[in-house]
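Following: one structure in structure tokens, then a few remarks.
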Protein chains: 2
Amino acid sequence: MEVDHVGIAVRSLSETTPKWEQLLGSPASLPEEVPSQRVRVAFLKVGSAHLELLEPTSPESSVSRFLESRGEGMHHIAFGVPSVNEKLADLIRRGERVIDREGRPGARGRVVGFAHPAAFAGVLVEFVEER
Amino acid sequence: MEVDHVGIAVRSLSETTPKWEQLLGSPASLPEEVPSQRVRVAFLKVGSAHLELLEPTSPESSVSRFLESRGEGMHHIAFGVPSVNEKLADLIRRGERVIDREGRPGARGRVVGFAHPAAFAGVLVEFVEER
């Protein structure tokens with residue numbers, strides 16, 4: 001398994017992106033809207049992984065609620081897996097809580113699925129299907 | 001630059017480690033005490049990066065304060081750099097806030113240094129000197 005990306009909740013992509021671009025020395029991707037999560041995201045490459053900056057597009061986005069209660073900061077960690085459905089089924093079988101029972105469309109045309117933060121001591125874990 | 005590790009604040013290494021070992025399919029390192037940060041840590045390999053689980057060893061540890069205010073969860077992200085001192089000096093020169101003005105001994109015998117979360121939109125960024 002590899003770290004696919006680390007998701008960071010931000011209030012404003014346009015204000016935050018330049019600092020990360022300067023730190024990492026690489027340009028961010030053009031922002032992409034992810035309707036299923038009500039966010040707009042931009043990716044920055046770091047070695048074999050990425051940072052994903054997430055800006056909510058609606059007050060009902062879970063990222064809006066995260067920003068309200070905790071402020072800007074790290075939001076989730078995503079691991080690349082051969083099959084998101086198998087990974088989620090494996091967690092469910094072991095009695096772990098999940099947000100998604102099946103993979104769904106995520107950013108960059110990838111299939112994604114989330115475990116529940118309670119399953120991993122407060123850490124929101126995402127699985128991203130490898131290509 | 002590469003993601004060296006993602007740090008996760010936990011109340012108990014012994015309770016949390018098995019879940020991550022099962023998820024990642026690899027054993028955690030033996031816990032190591034890092035006196036300068038008043039934490040006990042264990043590392044789990046994920047591809048070319050690691051997760052670092054951090055358990056405070058004192059109520060005065062910044063990880064204790066993190067757990068009190070936010071609960072368990074992602075605490076920092078660490079990037080591998082050729083020189084921690086150069087990276088910190090570069091941030092200071094650009095007017096960014098840092099926690100460390102110079103590298104200091106961290107876990108695994110490595111030189112580390114922290115920027116201030118205010119420098120990166122709420123994200124605590126650590127630099128780890130590459131070997």
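Every chain in the structure tokens has a letter given in the order shown (A, B, ...), and although residue numbers restart at 1 in each chain, ligands are simply numbered from 1 in the order shown.
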Using only C-alpha atoms, what table do you get, as a Markdown table, when you list each residue of chain B with an atom no more than 6 Å from chain A, its nearest pair of atoms, and their distance in Å rounded to one decimal, rows by chain then rising number?
```
| residue | atom | partner | partner_atom | distance |
| --- | --- | --- | --- | --- |
| B:Met1 | CA | A:Gly47 | CA | 5.9 |
| B:Glu2 | CA | A:Gly47 | CA | 4.5 |
| B:Val46 | CA | A:Glu2 | CA | 5.3 |
| B:Gly47 | CA | A:Glu2 | CA | 4.5 |
| B:Glu72 | CA | A:Gly122 | CA | 5.1 |
| B:Gly73 | CA | A:Gly122 | CA | 4.6 |
| B:Ala121 | CA | A:Glu72 | CA | 6.0 |
| B:Gly122 | CA | A:Gly73 | CA | 4.6 |
| B:Val123 | CA | A:Gly73 | CA | 4.9 |
```
With chain A held fixed, move chain B onto it by a least-squares fit of all C-alpha atoms in order and give the output as a PDB file with C-alpha atoms, in the first residue's frame.
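New file out.pdb:
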```pdb
ATOM      1  CA  MET B   1      -0.006  -0.004   0.016  1.00  0.00           C
ATOM      2  CA  GLU B   2       1.157   3.538  -0.737  1.00  0.00           C
ATOM      3  CA  VAL B   3       0.117   6.958   0.527  1.00  0.00           C
ATOM      4  CA  ASP B   4      -1.849   8.332  -2.429  1.00  0.00           C
ATOM      5  CA  HIS B   5      -2.436  11.763  -0.907  1.00  0.00           C
ATOM      6  CA  VAL B   6      -2.985  13.783   2.253  1.00  0.00           C
ATOM      7  CA  GLY B   7      -6.113  15.952   2.203  1.00  0.00           C
ATOM      8  CA  ILE B   8      -5.960  19.447   3.706  1.00  0.00           C
ATOM      9  CA  ALA B   9      -9.107  21.477   4.418  1.00  0.00           C
ATOM     10  CA  VAL B  10      -8.729  25.145   3.451  1.00  0.00           C
ATOM     11  CA  ARG B  11     -11.090  28.109   3.398  1.00  0.00           C
ATOM     12  CA  SER B  12      -9.751  29.396   0.093  1.00  0.00           C
ATOM     13  CA  LEU B  13      -7.804  27.524  -2.570  1.00  0.00           C
ATOM     14  CA  SER B  14      -6.637  30.743  -4.173  1.00  0.00           C
ATOM     15  CA  GLU B  15      -5.167  32.051  -0.908  1.00  0.00           C
ATOM     16  CA  THR B  16      -3.549  28.803   0.241  1.00  0.00           C
ATOM     17  CA  THR B  17      -2.239  27.245  -2.964  1.00  0.00           C
ATOM     18  CA  PRO B  18       0.698  29.641  -3.569  1.00  0.00           C
ATOM     19  CA  LYS B  19       2.309  28.829  -0.192  1.00  0.00           C
ATOM     20  CA  TRP B  20       2.260  25.108  -0.877  1.00  0.00           C
ATOM     21  CA  GLU B  21       3.496  25.632  -4.427  1.00  0.00           C
ATOM     22  CA  GLN B  22       6.427  27.600  -3.067  1.00  0.00           C
ATOM     23  CA  LEU B  23       7.206  24.999  -0.372  1.00  0.00           C
ATOM     24  CA  LEU B  24       6.993  22.019  -2.701  1.00  0.00           C
ATOM     25  CA  GLY B  25       8.448  23.759  -5.728  1.00  0.00           C
ATOM     26  CA  SER B  26       5.759  22.437  -8.041  1.00  0.00           C
ATOM     27  CA  PRO B  27       2.573  23.934  -9.465  1.00  0.00           C
ATOM     28  CA  ALA B  28      -0.860  22.827  -8.259  1.00  0.00           C
ATOM     29  CA  SER B  29      -3.287  21.206 -10.674  1.00  0.00           C
ATOM     30  CA  LEU B  30      -6.157  23.311 -11.985  1.00  0.00           C
ATOM     31  CA  PRO B  31      -8.987  23.239  -9.400  1.00  0.00           C
ATOM     32  CA  GLU B  32     -11.535  20.494  -9.981  1.00  0.00           C
ATOM     33  CA  GLU B  33     -15.066  20.350  -8.602  1.00  0.00           C
ATOM     34  CA  VAL B  34     -16.104  17.110  -6.853  1.00  0.00           C
ATOM     35  CA  PRO B  35     -19.908  17.362  -6.627  1.00  0.00           C
ATOM     36  CA  SER B  36     -20.336  14.196  -4.516  1.00  0.00           C
ATOM     37  CA  GLN B  37     -18.265  15.782  -1.740  1.00  0.00           C
ATOM     38  CA  ARG B  38     -19.272  19.392  -2.372  1.00  0.00           C
ATOM     39  CA  VAL B  39     -15.674  20.510  -2.590  1.00  0.00           C
ATOM     40  CA  ARG B  40     -13.310  22.080  -5.074  1.00  0.00           C
ATOM     41  CA  VAL B  41      -9.860  20.495  -4.954  1.00  0.00           C
ATOM     42  CA  ALA B  42      -6.348  21.066  -6.247  1.00  0.00           C
ATOM     43  CA  PHE B  43      -3.481  18.561  -6.142  1.00  0.00           C
ATOM     44  CA  LEU B  44       0.217  19.170  -5.619  1.00  0.00           C
ATOM     45  CA  LYS B  45       2.753  16.472  -6.376  1.00  0.00           C
ATOM     46  CA  VAL B  46       5.193  15.503  -3.572  1.00  0.00           C
ATOM     47  CA  GLY B  47       7.435  12.663  -4.677  1.00  0.00           C
ATOM     48  CA  SER B  48       5.189   9.679  -5.394  1.00  0.00           C
ATOM     49  CA  ALA B  49       2.290  11.163  -3.370  1.00  0.00           C
ATOM     50  CA  HIS B  50       0.167  14.314  -3.535  1.00  0.00           C
ATOM     51  CA  LEU B  51      -1.338  16.917  -1.264  1.00  0.00           C
ATOM     52  CA  GLU B  52      -5.017  17.579  -1.953  1.00  0.00           C
ATOM     53  CA  LEU B  53      -6.285  21.007  -0.949  1.00  0.00           C
ATOM     54  CA  LEU B  54     -10.051  20.961  -0.350  1.00  0.00           C
ATOM     55  CA  GLU B  55     -12.255  24.061  -0.359  1.00  0.00           C
ATOM     56  CA  PRO B  56     -15.959  23.535   0.400  1.00  0.00           C
ATOM     57  CA  THR B  57     -18.478  24.667  -2.204  1.00  0.00           C
ATOM     58  CA  SER B  58     -21.476  24.516   0.135  1.00  0.00           C
ATOM     59  CA  PRO B  59     -22.147  25.027   3.864  1.00  0.00           C
ATOM     60  CA  GLU B  60     -23.512  21.447   3.833  1.00  0.00           C
ATOM     61  CA  SER B  61     -20.151  20.013   2.787  1.00  0.00           C
ATOM     62  CA  SER B  62     -18.509  17.902   5.485  1.00  0.00           C
ATOM     63  CA  VAL B  63     -15.408  20.013   4.853  1.00  0.00           C
ATOM     64  CA  SER B  64     -17.398  23.114   5.888  1.00  0.00           C
ATOM     65  CA  ARG B  65     -18.306  21.413   9.150  1.00  0.00           C
ATOM     66  CA  PHE B  66     -14.681  20.394   9.649  1.00  0.00           C
ATOM     67  CA  LEU B  67     -13.518  24.002   9.119  1.00  0.00           C
ATOM     68  CA  GLU B  68     -16.144  25.309  11.545  1.00  0.00           C
ATOM     69  CA  SER B  69     -15.220  22.927  14.343  1.00  0.00           C
ATOM     70  CA  ARG B  70     -11.449  22.540  13.869  1.00  0.00           C
ATOM     71  CA  GLY B  71     -10.297  25.251  11.476  1.00  0.00           C
ATOM     72  CA  GLU B  72      -7.962  24.691   8.549  1.00  0.00           C
ATOM     73  CA  GLY B  73      -5.686  21.675   8.712  1.00  0.00           C
ATOM     74  CA  MET B  74      -5.139  18.057   7.742  1.00  0.00           C
ATOM     75  CA  HIS B  75      -8.452  16.437   6.908  1.00  0.00           C
ATOM     76  CA  HIS B  76      -7.772  12.880   5.710  1.00  0.00           C
ATOM     77  CA  ILE B  77      -5.136  10.459   4.486  1.00  0.00           C
ATOM     78  CA  ALA B  78      -5.686   8.382   1.353  1.00  0.00           C
ATOM     79  CA  PHE B  79      -4.073   5.057   0.500  1.00  0.00           C
ATOM     80  CA  GLY B  80      -3.903   3.558  -2.964  1.00  0.00           C
ATOM     81  CA  VAL B  81      -5.443   0.067  -3.135  1.00  0.00           C
ATOM     82  CA  PRO B  82      -6.100  -2.391  -5.991  1.00  0.00           C
ATOM     83  CA  SER B  83      -9.843  -2.540  -5.161  1.00  0.00           C
ATOM     84  CA  VAL B  84     -11.774  -0.017  -3.060  1.00  0.00           C
ATOM     85  CA  ASN B  85     -14.784  -2.328  -2.828  1.00  0.00           C
ATOM     86  CA  GLU B  86     -12.669  -5.191  -1.489  1.00  0.00           C
ATOM     87  CA  LYS B  87     -10.981  -2.938   1.062  1.00  0.00           C
ATOM     88  CA  LEU B  88     -14.322  -1.587   2.316  1.00  0.00           C
ATOM     89  CA  ALA B  89     -15.831  -5.089   2.446  1.00  0.00           C
ATOM     90  CA  ASP B  90     -12.832  -6.259   4.438  1.00  0.00           C
ATOM     91  CA  LEU B  91     -13.318  -3.471   7.015  1.00  0.00           C
ATOM     92  CA  ILE B  92     -17.073  -4.141   7.262  1.00  0.00           C
ATOM     93  CA  ARG B  93     -16.376  -7.856   7.764  1.00  0.00           C
ATOM     94  CA  ARG B  94     -14.107  -7.012  10.693  1.00  0.00           C
ATOM     95  CA  GLY B  95     -16.822  -4.880  12.280  1.00  0.00           C
ATOM     96  CA  GLU B  96     -15.229  -1.516  11.511  1.00  0.00           C
ATOM     97  CA  ARG B  97     -17.341   1.534  10.735  1.00  0.00           C
ATOM     98  CA  VAL B  98     -17.269   2.917   7.199  1.00  0.00           C
ATOM     99  CA  ILE B  99     -18.730   6.019   5.556  1.00  0.00           C
ATOM    100  CA  ASP B 100     -19.015   4.322   2.164  1.00  0.00           C
ATOM    101  CA  ARG B 101     -20.102   0.720   1.761  1.00  0.00           C
ATOM    102  CA  GLU B 102     -19.034   0.833  -1.891  1.00  0.00           C
ATOM    103  CA  GLY B 103     -16.655   2.862  -4.007  1.00  0.00           C
ATOM    104  CA  ARG B 104     -17.934   6.040  -5.633  1.00  0.00           C
ATOM    105  CA  PRO B 105     -16.559   8.590  -8.108  1.00  0.00           C
ATOM    106  CA  GLY B 106     -13.942  10.885  -6.586  1.00  0.00           C
ATOM    107  CA  ALA B 107     -11.526  13.503  -7.863  1.00  0.00           C
ATOM    108  CA  ARG B 108      -9.269  12.820 -10.896  1.00  0.00           C
ATOM    109  CA  GLY B 109     -11.764  10.281 -12.273  1.00  0.00           C
ATOM    110  CA  ARG B 110     -10.798   7.781  -9.577  1.00  0.00           C
ATOM    111  CA  VAL B 111     -12.975   5.420  -7.540  1.00  0.00           C
ATOM    112  CA  VAL B 112     -12.771   6.286  -3.832  1.00  0.00           C
ATOM    113  CA  GLY B 113     -14.290   5.150  -0.536  1.00  0.00           C
ATOM    114  CA  PHE B 114     -14.013   6.374   3.055  1.00  0.00           C
ATOM    115  CA  ALA B 115     -13.721   4.490   6.331  1.00  0.00           C
ATOM    116  CA  HIS B 116     -15.223   6.158   9.407  1.00  0.00           C
ATOM    117  CA  PRO B 117     -12.754   8.138  11.581  1.00  0.00           C
ATOM    118  CA  ALA B 118     -13.815   5.963  14.531  1.00  0.00           C
ATOM    119  CA  ALA B 119     -12.224   2.974  12.767  1.00  0.00           C
ATOM    120  CA  PHE B 120      -8.733   4.512  12.914  1.00  0.00           C
ATOM    121  CA  ALA B 121      -8.487   6.525  16.128  1.00  0.00           C
ATOM    122  CA  GLY B 122      -9.851   9.782  14.779  1.00  0.00           C
ATOM    123  CA  VAL B 123      -8.159   9.600  11.389  1.00  0.00           C
ATOM    124  CA  LEU B 124     -10.383   9.833   8.325  1.00  0.00           C
ATOM    125  CA  VAL B 125      -8.984   7.188   5.952  1.00  0.00           C
ATOM    126  CA  GLU B 126      -9.780   7.220   2.238  1.00  0.00           C
ATOM    127  CA  PHE B 127      -9.028   4.470  -0.239  1.00  0.00           C
ATOM    128  CA  VAL B 128      -8.287   5.367  -3.857  1.00  0.00           C
ATOM    129  CA  GLU B 129      -8.349   2.724  -6.553  1.00  0.00           C
ATOM    130  CA  GLU B 130      -4.995   2.360  -8.256  1.00  0.00           C
ATOM    131  CA  ARG B 131      -4.850   2.640 -12.032  1.00  0.00           C
TER     132      ARG B 131
END
```
DSSP strand (DSSP E) residues within region 15-113 of chain B, listed as a ChimeraX atom specification: /B:32-34,39-46,49-56,73-81,104-105,111-113
Written selection (N, CA and C atoms) as a compact mmCIF listing (two decimals), in the first residue's frame:
```txt
# COMPACT_ATOMS: atom_id res chain seq x y z
N GLU B 32 9.80 4.14 20.49
CA GLU B 32 11.02 4.88 20.80
C GLU B 32 10.63 6.16 21.52
N GLU B 33 11.38 6.50 22.56
CA GLU B 33 11.09 7.72 23.32
C GLU B 33 11.83 8.89 22.67
N VAL B 34 11.14 10.01 22.48
CA VAL B 34 11.78 11.22 21.95
C VAL B 34 11.67 12.30 23.04
N VAL B 39 7.37 12.59 23.81
CA VAL B 39 6.47 11.61 23.19
C VAL B 39 7.18 10.27 23.08
N ARG B 40 6.37 9.24 22.94
CA ARG B 40 6.85 7.91 22.58
C ARG B 40 6.25 7.64 21.22
N VAL B 41 7.06 7.17 20.27
CA VAL B 41 6.57 7.04 18.90
C VAL B 41 6.82 5.63 18.35
N ALA B 42 5.99 5.26 17.40
CA ALA B 42 6.21 4.02 16.64
C ALA B 42 5.94 4.33 15.18
N PHE B 43 6.74 3.73 14.30
CA PHE B 43 6.61 3.98 12.86
C PHE B 43 6.07 2.75 12.14
N LEU B 44 5.24 3.02 11.14
CA LEU B 44 4.75 1.95 10.27
C LEU B 44 5.05 2.33 8.83
N LYS B 45 5.66 1.41 8.10
CA LYS B 45 6.03 1.68 6.72
C LYS B 45 4.80 1.62 5.81
N VAL B 46 4.67 2.62 4.93
CA VAL B 46 3.61 2.63 3.89
C VAL B 46 4.30 3.03 2.60
N ALA B 49 6.89 5.94 2.36
CA ALA B 49 6.68 6.84 3.50
C ALA B 49 6.38 6.03 4.77
N HIS B 50 6.11 6.71 5.84
CA HIS B 50 5.75 6.06 7.10
C HIS B 50 4.58 6.79 7.75
N LEU B 51 3.86 6.09 8.61
CA LEU B 51 3.02 6.75 9.60
C LEU B 51 3.81 6.75 10.91
N GLU B 52 3.69 7.85 11.66
CA GLU B 52 4.32 7.93 12.97
C GLU B 52 3.20 8.10 14.00
N LEU B 53 3.04 7.13 14.86
CA LEU B 53 2.06 7.24 15.94
C LEU B 53 2.75 7.87 17.14
N LEU B 54 2.14 8.92 17.70
CA LEU B 54 2.76 9.67 18.80
C LEU B 54 1.89 9.61 20.04
N GLU B 55 2.46 9.11 21.13
CA GLU B 55 1.76 9.06 22.41
C GLU B 55 2.52 9.98 23.38
N PRO B 56 1.85 10.93 24.01
CA PRO B 56 2.57 11.83 24.91
C PRO B 56 3.08 11.10 26.16
N GLY B 73 -5.96 12.11 16.18
CA GLY B 73 -6.06 12.41 14.75
C GLY B 73 -4.72 12.83 14.17
N MET B 74 -4.75 13.25 12.91
CA MET B 74 -3.51 13.63 12.23
C MET B 74 -2.92 14.88 12.87
N HIS B 75 -1.63 14.81 13.15
CA HIS B 75 -0.97 15.85 13.94
C HIS B 75 -0.01 16.69 13.11
N HIS B 76 0.75 16.07 12.22
CA HIS B 76 1.68 16.82 11.38
C HIS B 76 2.04 16.02 10.13
N ILE B 77 2.63 16.72 9.17
CA ILE B 77 3.15 16.05 7.98
C ILE B 77 4.62 16.43 7.86
N ALA B 78 5.45 15.42 7.54
CA ALA B 78 6.90 15.65 7.51
C ALA B 78 7.43 15.39 6.11
N PHE B 79 8.26 16.31 5.63
CA PHE B 79 8.88 16.18 4.32
C PHE B 79 10.37 15.95 4.49
N GLY B 80 10.91 15.06 3.68
CA GLY B 80 12.35 14.85 3.67
C GLY B 80 13.05 15.96 2.89
N VAL B 81 14.09 16.53 3.45
CA VAL B 81 14.84 17.61 2.77
C VAL B 81 16.35 17.35 2.94
N ARG B 104 17.07 19.99 15.20
CA ARG B 104 17.36 19.38 16.50
C ARG B 104 17.14 17.88 16.39
N PRO B 105 17.61 17.10 17.39
CA PRO B 105 17.51 15.65 17.26
C PRO B 105 16.06 15.19 17.36
N VAL B 111 17.81 14.46 12.16
CA VAL B 111 17.69 15.89 12.46
C VAL B 111 16.34 16.36 11.93
N VAL B 112 15.59 17.07 12.78
CA VAL B 112 14.25 17.54 12.39
C VAL B 112 14.07 19.01 12.77
N GLY B 113 13.08 19.65 12.16
CA GLY B 113 12.74 21.03 12.51
C GLY B 113 11.30 21.29 12.09
```
